Amino acid sequence: MILIDSSVWIDYFNGNKTAQTDWLDASLGNTPIIIGDLILTEVLQGFQSDKDFKTARELLLGIPFMPMGGRELALESAMNYRFLRRKGVTVRKTIDVIIGTFCIHHQLILLHDDRDFDPMVKHLGLSIIDI
C-alpha cells in the first residue's frame, strides 16, 4: 500500500508536472493507495476556489482512508525526531516526522517530493518510491 504525501497531491492539483505527479496520474485506479487525515487536511486547506475544493474533495474521499494520529504514533514520532536530532538532522516540519513514522509503523511505502523525508529513509528505514 502506498501513501501519497501532500507535496505530491498539491503539485498534482496545481497541474505541476513532476516525476511524482506522473507516477500518481498513471497509478490512480491501478495501484492501491491510501490517504490519511493529516494529508487530507494539508491538501484541501490550500484551495481558494470552492469548485476546485469540491472536485478535489470528491476525488480524495474516494481513496481508502487511515487515521494517522494517536498516542502510540505521537510517542514514536517524538522518538524518531529526537533520534534524527542526535544524528545532526533537523526536520523542518513536525507533520513530516509524523507522516514518515506512520509509514514506518504501518509498513507503507511513501511517494513524496519533500526533502524532509530523505533523512528518514537513510536513518529510520522509511520505504519510498524512488523516482
# chains A, B, ... in the order shown; residues from 1 in each chain; ligands from 1
$ residues_around --residues "Ile35 of chain A" --least-positions-apart "3" --cutoff "12 Å" --atoms "only C-alpha atoms" --output "VMD selection string"
chain A and resid 1 to 6 8 to 9 32 38 to 43 57 59 to 68 99 102 to 103 108 to 111
$ write_last_selection --atoms "C-alpha atoms" --output "short mmCIF file (atom, residue, chain, number, x, y, z; two decimals), in the first residue's frame"
data_model
loop_
_atom_site.label_atom_id
_atom_site.label_comp_id
_atom_site.auth_asym_id
_atom_site.auth_seq_id
_atom_site.Cartn_x
_atom_site.Cartn_y
_atom_site.Cartn_z
CA MET A 1 0.00 0.00 0.00
CA ILE A 2 1.29 3.45 -0.90
CA LEU A 3 0.69 6.71 0.95
CA ILE A 4 0.85 9.80 -1.24
CA ASP A 5 2.28 12.82 0.58
CA SER A 6 0.63 16.22 0.32
CA VAL A 8 2.70 15.29 -4.49
CA TRP A 9 -1.05 15.91 -4.25
CA PRO A 32 -3.51 0.53 -4.06
CA LEU A 38 -3.17 14.94 8.06
CA ILE A 39 -2.56 14.79 4.32
CA LEU A 40 -6.24 15.31 3.53
CA THR A 41 -6.19 18.48 5.65
CA GLU A 42 -2.94 19.80 4.17
CA VAL A 43 -4.16 19.34 0.62
CA ARG A 57 -12.56 16.56 -2.00
CA LEU A 59 -11.51 12.56 -5.59
CA LEU A 60 -9.69 12.29 -2.25
CA LEU A 61 -12.71 10.93 -0.37
CA GLY A 62 -12.83 8.09 -2.91
CA ILE A 63 -9.41 6.89 -1.79
CA PRO A 64 -9.11 4.42 1.12
CA PHE A 65 -8.50 6.33 4.37
CA MET A 66 -6.49 5.72 7.53
CA PRO A 67 -6.36 7.99 10.60
CA MET A 68 -2.76 9.00 11.26
CA ILE A 99 3.82 11.06 8.26
CA PHE A 102 3.13 6.50 10.25
CA CYS A 103 4.51 4.86 7.10
CA LEU A 108 3.61 1.62 3.95
CA ILE A 109 5.56 2.99 1.01
CA LEU A 110 5.62 6.78 0.66
CA LEU A 111 5.50 8.78 -2.55
#
$ select_by_dssp --residues "segment 1-123 of chain A" --states "strand (DSSP E or B)" --output "list in words"
Ile2, Leu3, Ile4, Ile33, Ile34, Ile35, Gly36, Phe65, Met66, Ile109, Leu110 and Leu111 of chain A
$ write_last_selection --atoms "C-alpha atoms" --output "PDB file, in the first residue's frame"
ATOM      1  CA  ILE A   2       1.291   3.452  -0.901  1.00  0.00           C
ATOM      2  CA  LEU A   3       0.690   6.706   0.946  1.00  0.00           C
ATOM      3  CA  ILE A   4       0.853   9.800  -1.245  1.00  0.00           C
ATOM      4  CA  ILE A  33      -3.012   3.929  -2.452  1.00  0.00           C
ATOM      5  CA  ILE A  34      -4.316   5.452   0.763  1.00  0.00           C
ATOM      6  CA  ILE A  35      -4.724   8.886   2.260  1.00  0.00           C
ATOM      7  CA  GLY A  36      -4.607   9.974   5.878  1.00  0.00           C
ATOM      8  CA  PHE A  65      -8.502   6.331   4.367  1.00  0.00           C
ATOM      9  CA  MET A  66      -6.493   5.718   7.535  1.00  0.00           C
ATOM     10  CA  ILE A 109       5.556   2.992   1.010  1.00  0.00           C
ATOM     11  CA  LEU A 110       5.617   6.779   0.665  1.00  0.00           C
ATOM     12  CA  LEU A 111       5.504   8.783  -2.550  1.00  0.00           C
TER      13      LEU A 111
END
$ residues_around --residues "segment 70-76 of chain A" --least-positions-apart "4" --cutoff "9 Å" --atoms "only C-alpha atoms" --output "ChimeraX atom specification"
/A:80-81,98,101-102,105
$ select_by_dssp --residues "segment 12-129 of chain A" --states "alpha helix (DSSP H)" --output "PyMOL selection string"
chain A and resi 12-13+19-27+37-44+50-61+71-86+94-106+118-124
$ atom_distance --atom1 "atom CA of Gln20 of chain A" --atom2 "atom CA of Asp114 of chain A"
10.8 Å
$ residues_around --residues "Thr18 of chain A" --least-positions-apart "5" --cutoff "12 Å" --atoms "only C-alpha atoms" --output "number ranges by chain"
A: 7-13, 23-25, 112-113, 131
$ atom_distance --atom1 "atom CA of Thr55 of chain A" --atom2 "atom CA of Ile128 of chain A"
27.6 Å
$ atom_distance --atom1 "atom CA of Phe117 of chain A" --atom2 "atom CA of Leu28 of chain A"
22.6 Å
$ closest_residue --among "A:His106, A:Ser27, A:Arg82, A:Lys87" --to "His123 of chain A" --atoms "only C-alpha atoms"
A:Lys87
$ closest_residue --among "A:Ile104, A:Leu124, A:Ala56, A:Val91" --to "Asn14 of chain A" --atoms "only C-alpha atoms"
A:Ala56
$ decode --residues "segment 14-55 of chain A" --atoms "N, CA and C atoms" --output "CSV table (one decimal), in the first residue's frame"
chain,number,residue,atom,x,y,z
A,14,ASN,N,-2.3,21.3,-8.7
A,14,ASN,CA,-1.8,22.6,-9.3
A,14,ASN,C,-1.4,22.4,-10.8
A,15,GLY,N,-1.4,21.2,-11.3
A,15,GLY,CA,-1.0,20.9,-12.6
A,15,GLY,C,0.5,21.0,-12.9
A,16,ASN,N,1.3,20.9,-11.8
A,16,ASN,CA,2.7,20.8,-11.9
A,16,ASN,C,3.2,19.4,-12.3
A,17,LYS,N,3.9,19.4,-13.5
A,17,LYS,CA,4.3,18.1,-14.0
A,17,LYS,C,5.6,17.7,-13.4
A,18,THR,N,5.7,16.6,-12.6
A,18,THR,CA,6.9,16.1,-12.0
A,18,THR,C,6.9,14.6,-12.2
A,19,ALA,N,8.0,14.0,-11.9
A,19,ALA,CA,8.1,12.5,-11.9
A,19,ALA,C,7.1,11.9,-11.0
A,20,GLN,N,6.9,12.6,-9.8
A,20,GLN,CA,5.9,12.1,-8.8
A,20,GLN,C,4.5,12.2,-9.3
A,21,THR,N,4.1,13.4,-9.9
A,21,THR,CA,2.8,13.5,-10.3
A,21,THR,C,2.5,12.6,-11.5
A,22,ASP,N,3.5,12.4,-12.4
A,22,ASP,CA,3.3,11.5,-13.5
A,22,ASP,C,3.0,10.1,-13.0
A,23,TRP,N,3.8,9.7,-11.9
A,23,TRP,CA,3.6,8.3,-11.3
A,23,TRP,C,2.2,8.3,-10.7
A,24,LEU,N,1.8,9.3,-10.0
A,24,LEU,CA,0.4,9.3,-9.4
A,24,LEU,C,-0.6,9.2,-10.5
A,25,ASP,N,-0.5,10.0,-11.5
A,25,ASP,CA,-1.5,10.0,-12.5
A,25,ASP,C,-1.7,8.7,-13.2
A,26,ALA,N,-0.5,8.0,-13.5
A,26,ALA,CA,-0.6,6.7,-14.1
A,26,ALA,C,-1.1,5.6,-13.1
A,27,SER,N,-1.0,5.9,-11.8
A,27,SER,CA,-1.3,4.8,-10.8
A,27,SER,C,-2.7,4.9,-10.3
A,28,LEU,N,-3.3,6.1,-10.4
A,28,LEU,CA,-4.7,6.2,-9.9
A,28,LEU,C,-5.6,5.2,-10.5
A,29,GLY,N,-6.3,4.4,-9.7
A,29,GLY,CA,-7.1,3.4,-10.2
A,29,GLY,C,-6.5,2.0,-10.5
A,30,ASN,N,-5.1,2.0,-10.5
A,30,ASN,CA,-4.4,0.8,-10.8
A,30,ASN,C,-3.5,0.3,-9.7
A,31,THR,N,-3.2,1.2,-8.7
A,31,THR,CA,-2.3,0.8,-7.7
A,31,THR,C,-3.0,1.1,-6.3
A,32,PRO,N,-2.9,0.3,-5.3
A,32,PRO,CA,-3.5,0.5,-4.1
A,32,PRO,C,-2.8,1.7,-3.3
A,33,ILE,N,-3.5,2.8,-3.2
A,33,ILE,CA,-3.0,3.9,-2.5
A,33,ILE,C,-4.0,4.3,-1.3
A,34,ILE,N,-3.5,5.0,-0.3
A,34,ILE,CA,-4.3,5.5,0.8
A,34,ILE,C,-4.0,6.9,1.0
A,35,ILE,N,-4.9,7.5,1.8
A,35,ILE,CA,-4.7,8.9,2.3
A,35,ILE,C,-5.0,8.9,3.8
A,36,GLY,N,-4.4,9.8,4.4
A,36,GLY,CA,-4.6,10.0,5.9
A,36,GLY,C,-5.1,11.4,6.2
A,37,ASP,N,-5.6,11.5,7.4
A,37,ASP,CA,-6.3,12.8,7.8
A,37,ASP,C,-5.4,14.0,7.7
A,38,LEU,N,-4.1,13.8,8.1
A,38,LEU,CA,-3.2,14.9,8.1
A,38,LEU,C,-2.9,15.4,6.6
A,39,ILE,N,-2.8,14.5,5.7
A,39,ILE,CA,-2.6,14.8,4.3
A,39,ILE,C,-3.8,15.4,3.7
A,40,LEU,N,-5.0,14.8,4.0
A,40,LEU,CA,-6.2,15.3,3.5
A,40,LEU,C,-6.4,16.8,3.9
A,41,THR,N,-6.1,17.1,5.2
A,41,THR,CA,-6.2,18.5,5.6
A,41,THR,C,-5.2,19.4,4.9
A,42,GLU,N,-4.0,19.0,4.8
A,42,GLU,CA,-2.9,19.8,4.2
A,42,GLU,C,-3.3,20.1,2.7
A,43,VAL,N,-3.8,19.1,2.0
A,43,VAL,CA,-4.2,19.3,0.6
A,43,VAL,C,-5.4,20.2,0.5
A,44,LEU,N,-6.5,19.9,1.2
A,44,LEU,CA,-7.7,20.6,1.0
A,44,LEU,C,-7.7,22.0,1.5
A,45,GLN,N,-6.9,22.3,2.5
A,45,GLN,CA,-6.9,23.7,3.1
A,45,GLN,C,-6.3,24.7,2.1
A,46,GLY,N,-5.6,24.3,1.1
A,46,GLY,CA,-5.0,25.2,0.2
A,46,GLY,C,-5.8,25.7,-1.0
A,47,PHE,N,-7.0,25.1,-1.2
A,47,PHE,CA,-7.8,25.5,-2.3
A,47,PHE,C,-8.5,26.8,-2.0
A,48,GLN,N,-8.4,27.8,-3.0
A,48,GLN,CA,-9.1,29.0,-2.9
A,48,GLN,C,-10.5,29.0,-3.5
A,49,SER,N,-10.6,28.3,-4.6
A,49,SER,CA,-11.9,28.2,-5.3
A,49,SER,C,-12.8,27.1,-4.6
A,50,ASP,N,-14.0,27.4,-4.4
A,50,ASP,CA,-14.9,26.4,-3.8
A,50,ASP,C,-15.1,25.2,-4.8
A,51,LYS,N,-15.2,25.5,-6.1
A,51,LYS,CA,-15.3,24.5,-7.1
A,51,LYS,C,-14.2,23.5,-7.1
A,52,ASP,N,-12.9,24.1,-7.1
A,52,ASP,CA,-11.7,23.2,-7.0
A,52,ASP,C,-11.7,22.4,-5.8
A,53,PHE,N,-12.0,23.0,-4.6
A,53,PHE,CA,-12.1,22.3,-3.4
A,53,PHE,C,-13.0,21.1,-3.4
A,54,LYS,N,-14.2,21.3,-4.0
A,54,LYS,CA,-15.2,20.2,-4.0
A,54,LYS,C,-14.7,19.1,-5.0
A,55,THR,N,-14.1,19.5,-6.1
A,55,THR,CA,-13.6,18.5,-7.0
A,55,THR,C,-12.5,17.6,-6.4
